[in-house]
Amino acid sequence: MVQERIKVGKWSARLKSMGGYPPFVKWGIWAFLLPVVSFVLYVGYLDSVIREKFEGKRWSLPAVVYARSLELYPGLAISMPELEDELQLAGYRRDPTVEDPGGYDRLGGVIHLVTREFNFPDGLEKSGKYTLYFTNNTLVDISRTDSGEMVDGIRLDPARIGSFHPKQHEDRIVLSRAELPELLVKSLLAVEDHNFFNHSGLDLRAILRALLANTLAGETVQGGSTITQQLVKNFFLTNERTIWRKFNEAIMALLLEAHYDKNEILTAYANEIFLGQDGGRAVHGFGLASFFYFRRDLRDLSPAQTATLVGIVQGPSYYNPRKYPERCLKRRQVILEVMRNQKVIDENTYETAKSAQLSTEAVTGNAFNRFPAFLDLVRHQLVEDYPEEELTSDGLKIFTTLDPQVQKVVEQQLETTITRLEKNTGITGLDGAVVVTRRENGEILAIAGGRTSLQSGFNRALAARRQVGSLIKPAIYLTALGKGYTLATPVDDTALTLPTPGDKPWSPVNFDRTEHGRIPMYLGLAYSMNLATVRIGMNVGVEEVVRTVKDLGVKGDFPPYPSFLLGAVSLTPLEVAQMYQTLASGGFYLPQRVISSVLAADNTVVKRFGISVEQRFSPEQTYLLNSMLQHVVSEGTAKSLSLFLSSSYNVAGKTGTSDDLRDSWFAGFTGDKLAVVWLGRDDNKPTGLTGATGALEVWGEIMRTLHPQPLDLVEPEGIKWQWLNPETFRLSPFPSLFAPGQVKLPFIAETLTGQRSFSESNPQD
Amino acid sequence: MNSKLHINNRILSRSHEQPCRLWRVMILVALFCVITNCTPQKRVSIPVFREEPQGQLPLPSGQTGTLLTSANMAMQAGELDKAEMHLERALRLSPSDAQLWHGMARVRFEQGNYAQAVQFCLKSNSLAGKNGAIVRQNWLLMEKAYLKTGEEEKATQARQKASERY
């Protein structure tokens, strides 16, 4: 404090001593100082702006979302066209030489391919050349192309399915300086700024040269901007050509050079430069541009392709190789000439490159932003764990469970089946949603949020809460099985009236408006009989059924009204899928998973979403219920599924229809996949479709396209099989010669002795 | 005499030839055994989890087996996350393989998540069917998990269940 005062004292003394100068000198000093000070201040301001931009841009990486990686192994049911499709989605290209990573070729029953090196959450997977042999739509063998050695399996680098952009719709694959190929760097400098390593941000000679050339030509033919200036220009991305902007750019270029190393600037430039437009996303940087135009890693580009990219720098839309191939080719030849003249490439390379075709790949076919409904779900889960800021700037890599193959089938079949249903029935305005998961681990493989898949918007799979109707019934039968009921317990499917507090009494009816009399319990579910089901539900207690529904994994509070038993409860398709997941996985609650891991930009695992399981129902109880669900398909309301899938698949499933045919549902599972389909109208008007005539058809079309595995329920130890005579309700360990309608059913051993006595205590008896 | 000798010679040479062929066949068989033992399908003798030598379970074939082996190696190196990820991959290929679910239980146990270890054992049991060896392994691990969580009674029951197998 004291020292400061002394300093101030010194200054004031000096200022006072200035009082001795004549006024013109004083004014002169001021006239000189003022602009200098304001200039310095202004430069200081520009400095903070450019530094913030540079630092910010360097680290601003949107989170990238990946599909699951395709595991290829002998025995996998996949046809060659399907694999080819998958390769295209993952950004592979057909390339008869099959030399460089990301290339494949198809010859007869064989696919040759070179995988790309990729950092998986569990470690680095090196690039490799493989030959894949197919017979009858099955991958039968995999060998190393070079040595012929057989391998047990390989996995492909996953498809990029989207990224979380910051505010602007930009996208980039950020590369480090070491990852920039020397050929690219040299060519770029030769063309754009060959004095780069010597100038200090501005290249006066280049400016003069450009000025001369432009004056002589009478128009702008040559730019004198250095790489540094271009980088600055790209940061602000305005195209106004004013002296003031040029002046600012020049100052900022000098400032950048003062603060940062040449290589840092070069790397920033290579990642920042605008190189094209892919629909709604701007393609920035050479890394992404290489994929965008050639489906290749930057390091795998040929000299001709490198020259193409360098040529595009000057005008990405003017030299767009897909739109103006001739213009772009001409530009590429010019670049190649410069490369040869500057000794970047030798004469031979030049000749080969010059005669090469302009080999860009079609823009369609990659998986980027193709699946908005699924991305929507990913975003839903991510925002719970990450703030928006981290998602748009930290370069996270998000590994999801999406199976692009399944997703495509789901989208296609939903759309075509809805169109067909509308045409056949004359209904309009029909829409739908689908969720497909893996049966045993709860991973969500695909989601359709509506019939038009590319429209992001109302995602019905996540947001449409609709009455589930009979889809709730398995919960009632599951509760009953837990209370000693068996598949053969006699139940009355006869009219009943229930008092409703504060409302008029409720008299449910069957869908076909008939009563079926006394039936063994399993038929009540198989034929979705309302009367029998309500009787069982009232017997075990609605509260108990509500608890079962919650144990099945449905969250929320449900008032235990009798109408709950017939599905007067609204759930989203995703919630229904969670409910059936617990049945499909043998009574174990498996939380649905859509993300498996999150990696940081440096490939360290920052978050894992591992599998968790929790037994909610005994294996025996679930086994019996699932057998009943198989009866739904083999003989009951979902019998028409055999039009799509042969009965040998033993599918377990349930149809659901809400009041007045407003909602059409089907939920079911095969050996490996669970799917839930909902059809209805957004305005909740009747559709005229039941679960079987609507949703089931979509389900059937999807599953038959997906090579499902047959459902082979693992029989728990305590299960005994008995023959039921439906006339007498008698059970016998052996089939009888005199009971034509007899049926073999599974039982929990302990219930077999108590089975008769239980039916006697049944109040309906 | 001459012809007799000749015949004798032929007999001799034949009887000499016979064992020679047998040898060849035996060598071929041995070679075949050695070779087939090298293929992944036959890596029966590799112990799955070393701490339970009596419970050596046969490795699943192909890629599932390879991944399970990788998971084992990661586990022994203390890389539990990696082991878990290998097992998750294997489960995508063979979702109802009880041994893989048992492996997940092991990982959870090592991660100190004993409640989940028990749950994964139960899941494994539900898929084990008639595979007594894996069921026994599951009960043994559940016993250990219950001991960790201080549930002595459940541990005893689990021990009991394990001893019912074998």
# chains A, B, ... in the order shown; residues from 1 in each chain; ligands from 1
>>> residues_around(residues="A:Pro591", least_positions_apart="2", cutoff="9 Å", atoms="only C-alpha atoms", output="PyMOL selection string")
chain A and resi 441-443+553+578+581-582+589+593+611-613
>>> interface_residues(of="chain B", to="chain A", cutoff="12 Å", atoms="only C-alpha atoms", output="number ranges by chain")
B: 39-41, 60-67, 70-71, 74, 79-98, 100-101, 104-105, 107-108, 113, 115-132, 135
>>> atom_distance(atom1="atom CA of A:Gln709", atom2="atom CA of A:Phe669")
9.8 Å
>>> atom_distance(atom1="atom CA of A:Ala461", atom2="atom CA of A:Pro710")
25.9 Å
>>> residues_around(residues="B:Ser163", least_positions_apart="6", cutoff="12 Å", atoms="only C-alpha atoms", output="ChimeraX atom specification")
/B:132-133,135-140,143,156-157
>>> select_by_dssp(residues="stretch 96-213 of chain A", states="helix (DSSP H, G or I)", output="list in words")
Arg177, Ala178, Glu179, Glu182, Leu183, Leu184, Val185, Lys186, Ser187, Leu188, Leu189, Ala190, Val191, Glu192, Leu204, Arg205, Ala206, Ile207, Leu208, Arg209, Ala210, Leu211, Leu212 and Ala213 of chain A
>>> closest_residue(among="B:Met73, B:Glu110, B:Lys144, B:Leu59", to="B:Arg159", atoms="only C-alpha atoms")
B:Lys144
>>> residues_around(residues="A:Gly315", least_positions_apart="5", cutoff="10 Å", atoms="only C-alpha atoms", output="PDB file with C-alpha atoms, in the first residue's frame")
ATOM      1  CA  PHE A 274     -15.586 -25.641 -43.876  1.00  0.00           C
ATOM      2  CA  LEU A 275     -15.615 -28.292 -46.570  1.00  0.00           C
ATOM      3  CA  GLY A 276     -19.198 -29.034 -47.493  1.00  0.00           C
ATOM      4  CA  ASN A 320     -18.863 -29.649 -54.857  1.00  0.00           C
ATOM      5  CA  CYS A 328     -14.104 -30.149 -59.337  1.00  0.00           C
TER       6      CYS A 328
END
>>> atom_distance(atom1="atom CA of A:Ala307", atom2="atom CA of A:Leu61")
26.6 Å
>>> residues_around(residues="A:His380", least_positions_apart="6", cutoff="12 Å", atoms="only C-alpha atoms", output="number ranges by chain")
A: 373-374, 386-388, 459, 462-463, 593-595
>>> residues_around(residues="stretch 467-484 of chain A", least_positions_apart="2", cutoff="7 Å", atoms="only C-alpha atoms", output="PyMOL selection string")
chain A and resi 486+528+537+540+544-545+548-549+565-571+621+625+654-658+663+751
